[in-house]
Each structure stands twice: as structure tokens, then as C-alpha cells.
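*Asks:* Input protein20.cif, format and content: mmCIF, C-alpha atoms, pLDDT in the B column; chains and numbers go by the auth columns.
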data_target
loop_
_atom_site.group_PDB
_atom_site.id
_atom_site.type_symbol
_atom_site.label_atom_id
_atom_site.label_comp_id
_atom_site.label_asym_id
_atom_site.label_seq_id
_atom_site.Cartn_x
_atom_site.Cartn_y
_atom_site.Cartn_z
_atom_site.B_iso_or_equiv
_atom_site.auth_seq_id
_atom_site.auth_asym_id
ATOM 1 C CA MET A 1 121.653 180.649 76.507 60.00 1 U
ATOM 2 C CA SER A 2 123.742 183.436 75.079 80.00 2 U
ATOM 3 C CA LEU A 3 127.062 183.172 73.294 82.00 3 U
ATOM 4 C CA SER A 4 130.295 184.400 74.768 90.00 4 U
ATOM 5 C CA ALA A 5 132.158 187.276 73.133 91.00 5 U
ATOM 6 C CA ARG A 6 134.733 184.830 71.720 93.00 6 U
ATOM 7 C CA GLU A 7 132.003 182.627 70.230 91.00 7 U
ATOM 8 C CA ARG A 8 130.400 185.678 68.601 90.00 8 U
ATOM 9 C CA GLN A 9 133.762 186.704 67.139 94.00 9 U
ATOM 10 C CA ILE A 10 134.297 183.235 65.693 92.00 10 U
ATOM 11 C CA LEU A 11 130.810 183.149 64.180 90.00 11 U
ATOM 12 C CA ASP A 12 131.296 186.640 62.710 91.00 12 U
ATOM 13 C CA ALA A 13 134.586 185.525 61.148 93.00 13 U
ATOM 14 C CA ILE A 14 132.897 182.451 59.671 92.00 14 U
ATOM 15 C CA ALA A 15 130.078 184.623 58.306 89.00 15 U
ATOM 16 C CA ARG A 16 132.539 187.067 56.716 91.00 16 U
ATOM 17 C CA GLN A 17 134.504 184.261 55.089 93.00 17 U
ATOM 18 C CA PHE A 18 131.304 182.599 53.864 91.00 18 U
ATOM 19 C CA ALA A 19 130.073 185.900 52.380 91.00 19 U
ATOM 20 C CA ALA A 20 133.419 186.396 50.631 94.00 20 U
ATOM 21 C CA GLU A 21 133.514 182.874 49.183 93.00 21 U
ATOM 22 C CA GLU A 22 129.821 182.412 48.316 90.00 22 U
ATOM 23 C CA PRO A 23 128.210 185.870 48.014 90.00 23 U
ATOM 24 C CA ALA A 24 125.026 184.732 46.252 89.00 24 U
ATOM 25 C CA LEU A 25 124.364 181.951 48.747 88.00 25 U
ATOM 26 C CA ALA A 26 125.187 184.254 51.665 87.00 26 U
ATOM 27 C CA ARG A 27 122.681 186.833 50.359 85.00 27 U
ATOM 28 C CA GLY A 28 120.041 184.109 50.144 83.00 28 U
ATOM 29 C CA PHE A 29 120.706 183.040 53.714 80.00 29 U
ATOM 30 C CA SER A 30 120.718 186.600 54.985 79.00 30 U
ATOM 31 C CA GLU A 31 117.151 187.038 53.765 74.00 31 U
ATOM 32 C CA HIS A 32 116.007 184.351 56.227 73.00 32 U
ATOM 33 C CA GLY A 33 116.294 184.059 59.949 66.00 33 U
ATOM 34 C CA ARG A 34 116.073 187.676 60.964 65.00 34 U
ATOM 35 C CA GLY A 35 114.805 188.382 64.453 66.00 35 U
ATOM 36 C CA ARG A 36 114.293 186.259 67.473 67.00 36 U
ATOM 37 C CA VAL A 37 113.971 182.503 67.318 61.00 37 U
ATOM 38 C CA THR A 38 110.889 181.172 69.075 67.00 38 U
ATOM 39 C CA ALA A 39 109.196 177.825 69.387 66.00 39 U
ATOM 40 C CA GLU A 40 106.070 177.484 67.301 67.00 40 U
ATOM 41 C CA ARG A 41 103.155 175.161 67.751 64.00 41 U
ATOM 42 C CA ILE A 42 102.410 173.136 64.634 59.00 42 U
ATOM 43 C CA THR A 43 98.842 173.713 63.555 63.00 43 U
ATOM 44 C CA ALA A 44 96.764 171.439 61.366 58.00 44 U
ATOM 45 C CA GLU A 45 97.330 173.777 58.423 58.00 45 U
ATOM 46 C CA ARG A 46 101.113 173.612 58.789 57.00 46 U
ATOM 47 C CA ALA A 47 101.077 169.860 59.412 57.00 47 U
ATOM 48 C CA LYS A 48 99.879 169.214 55.859 61.00 48 U
ATOM 49 C CA GLY A 49 103.475 169.540 54.674 62.00 49 U
ATOM 50 C CA ARG A 50 104.393 166.448 56.675 61.00 50 U
ATOM 51 C CA TRP A 51 102.529 164.258 54.188 63.00 51 U
ATOM 52 C CA GLU A 52 105.082 165.239 51.560 69.00 52 U
ATOM 53 C CA ALA A 53 107.647 163.122 53.410 73.00 53 U
ATOM 54 C CA TRP A 54 105.721 159.845 53.107 78.00 54 U
ATOM 55 C CA PRO A 55 108.084 158.320 50.509 82.00 55 U
ATOM 56 C CA VAL A 56 111.013 158.691 52.907 83.00 56 U
ATOM 57 C CA ALA A 57 109.014 157.114 55.724 85.00 57 U
ATOM 58 C CA LEU A 58 107.960 154.243 53.443 90.00 58 U
ATOM 59 C CA ILE A 59 111.561 153.556 52.428 92.00 59 U
ATOM 60 C CA ALA A 60 112.648 153.625 56.089 93.00 60 U
ATOM 61 C CA VAL A 61 109.954 151.103 57.028 95.00 61 U
ATOM 62 C CA CYS A 62 110.872 148.837 54.115 95.00 62 U
ATOM 63 C CA LEU A 63 114.550 148.920 55.081 96.00 63 U
ATOM 64 C CA ALA A 64 113.701 148.125 58.696 96.00 64 U
ATOM 65 C CA VAL A 65 111.542 145.148 57.660 96.00 65 U
ATOM 66 C CA PHE A 66 114.276 143.964 55.302 95.00 66 U
ATOM 67 C CA ALA A 67 116.862 144.164 58.093 93.00 67 U
ATOM 68 C CA VAL A 68 114.666 142.162 60.458 93.00 68 U
ATOM 69 C CA VAL A 69 114.019 139.512 57.804 92.00 69 U
ATOM 70 C CA LEU A 70 117.750 139.231 57.134 91.00 70 U
ATOM 71 C CA LEU A 71 118.491 138.851 60.828 89.00 71 U
ATOM 72 C CA LEU A 72 115.808 136.221 61.340 89.00 72 U
ATOM 73 C CA SER A 73 116.602 134.217 58.219 87.00 73 U
ATOM 74 C CA GLY A 74 120.328 134.039 58.824 75.00 74 U
ATOM 75 C CA ASN A 75 122.064 130.715 58.386 67.00 75 U
ATOM 76 C CA SER A 76 121.882 129.316 61.903 60.00 76 U
ATOM 77 C CA ARG A 77 123.977 126.196 62.249 61.00 77 U
ATOM 78 C CA THR A 78 123.282 124.474 65.539 53.00 78 U
#
Re-express the file's structure as C-alpha cells.
*Replies:*
Amino acid sequence: MSLSARERQILDAIARQFAAEEPALARGFSEHGRGRVTAERITAERAKGRWEAWPVALIAVCLAVFAVVLLLSGNSRT
């Protein structure tokens, strides 16, 4: 899906303002993302990086268990 001319103008204006306000960060961003965006299949080699996120997953599971325990152990007056 392509952008309309107005949408491109707005994005160009945002990019110009960003480059004026944060030139170092804008240069860093401009070094990435050149070319066409395509979907990529995740290979076993690239999937190794997913194991680096295990602490976040562990915290999410612990919070979910904690929430369930709180819900089930609520003070139920009948």
C-alpha cells in the first residue's frame, strides 16, 4: 500500500524537523532501513536471539500467576 502525496509531504516535514532537532540521532537512523522492506523467514540461526528475552518472559509468567492467585484468593464473603 503506497502513501498519498500528502502523507509523503507530512513524513518529509517530520523527517526534516527531526534532523534539525536531533542531527546525531537522525544520522544514526538514516544509516538503517535503506531499500525495500520485505518479509523474512526466521531461520534457526537468527532465532537464537530470542533466548535473550527469557527474563522478560519469566517476569510476564510470574505476574500472570500472581494475578490469578490474587483473583482466586480474594476475600469472598457469601
*Asks:* So how many Å separate CA of Leu3 in chain U and CA of Ala24 in chain U, to one decimal?
*Replies:*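 Here the two named atoms are 27.2 Å from each other.
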*Asks:* Record the distance separating CA of Ser2 in chain U and CA of Ala19 in chain U, expressed in Å with one decimal.
*Replies:*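 Computed distance, CA of Ser2 in chain U to CA of Ala19 in chain U, equals 23.7 Å.
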*Asks:* For the atom pair CA of Glu31 in chain U and CA of Glu7 in chain U, what is the interatomic distance in Å to one decimal place?
*Replies:*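 Taking CA of Glu31 in chain U as the start and CA of Glu7 in chain U as the end point, the length is 22.6 Å.
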